[in-house]
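Structure, as C-alpha cells:
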Amino acid sequence: MAILASITIVTVVTTSAQQVYAPRDCGGCAEFKKLTDEFEKNIIDAASVNPPDPDRIQTLLGEYSDEVLKLFPSTSPS
C-alpha cells in the first residue's frame with residue numbers, strides 16, 4: 001500500500017512539474033534550470049523516505065510554484 005501511495009505521489013508531482021515551462025532564451029532561464037534541478041532533487045529525497053510524507057511533497061511543490069512565478073511574473077490581467 002505504501003509503495004502504491006509513493007508511486008501515485010511521484011506521478012502527480014512529476015505531471016504537475018512538467019506543466020511548468022520556460023522559453024529557451026530568457027532572462028531567468030539559468031535561475032529556472034537551477035530551481036528546477038533543486039526541486040527535482042528535493043522531491044526524489046522526500047519520496048524516498050519510508051513512508052513518504054505527502055505533506056512535505058505538497059509543500060515543496062507550492063514553494064517551487066511560488067519561486068517560478070517570481071522568476072516569470074504574469075503579464076496578463078487577472
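In the C-alpha cells, chains take the letters A, B, ... in the order shown, each chain's residues start at 1, and ligands count up from 1 in the order shown.
Using only C-alpha atoms, the contacts of Gly27 of chain A at a cut-off of 12 Å, with sequence neighbours closer than 6 positions omitted, comprise Lys33, Leu71, Phe72 and Pro73 of chain A.
Between atom CA of Tyr64 of chain A and atom CA of Glu31 of chain A there is a distance of 12.0 Å.
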Asp66 of chain A proximity check over A:Pro54, A:Val49, A:Phe32, A:Ile44, using only C-alpha atoms: winner is A:Phe32
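Take atom CA of Leu60 of chain A and atom CA of Ala46 of chain A: the distance between them is 9.0 Å.
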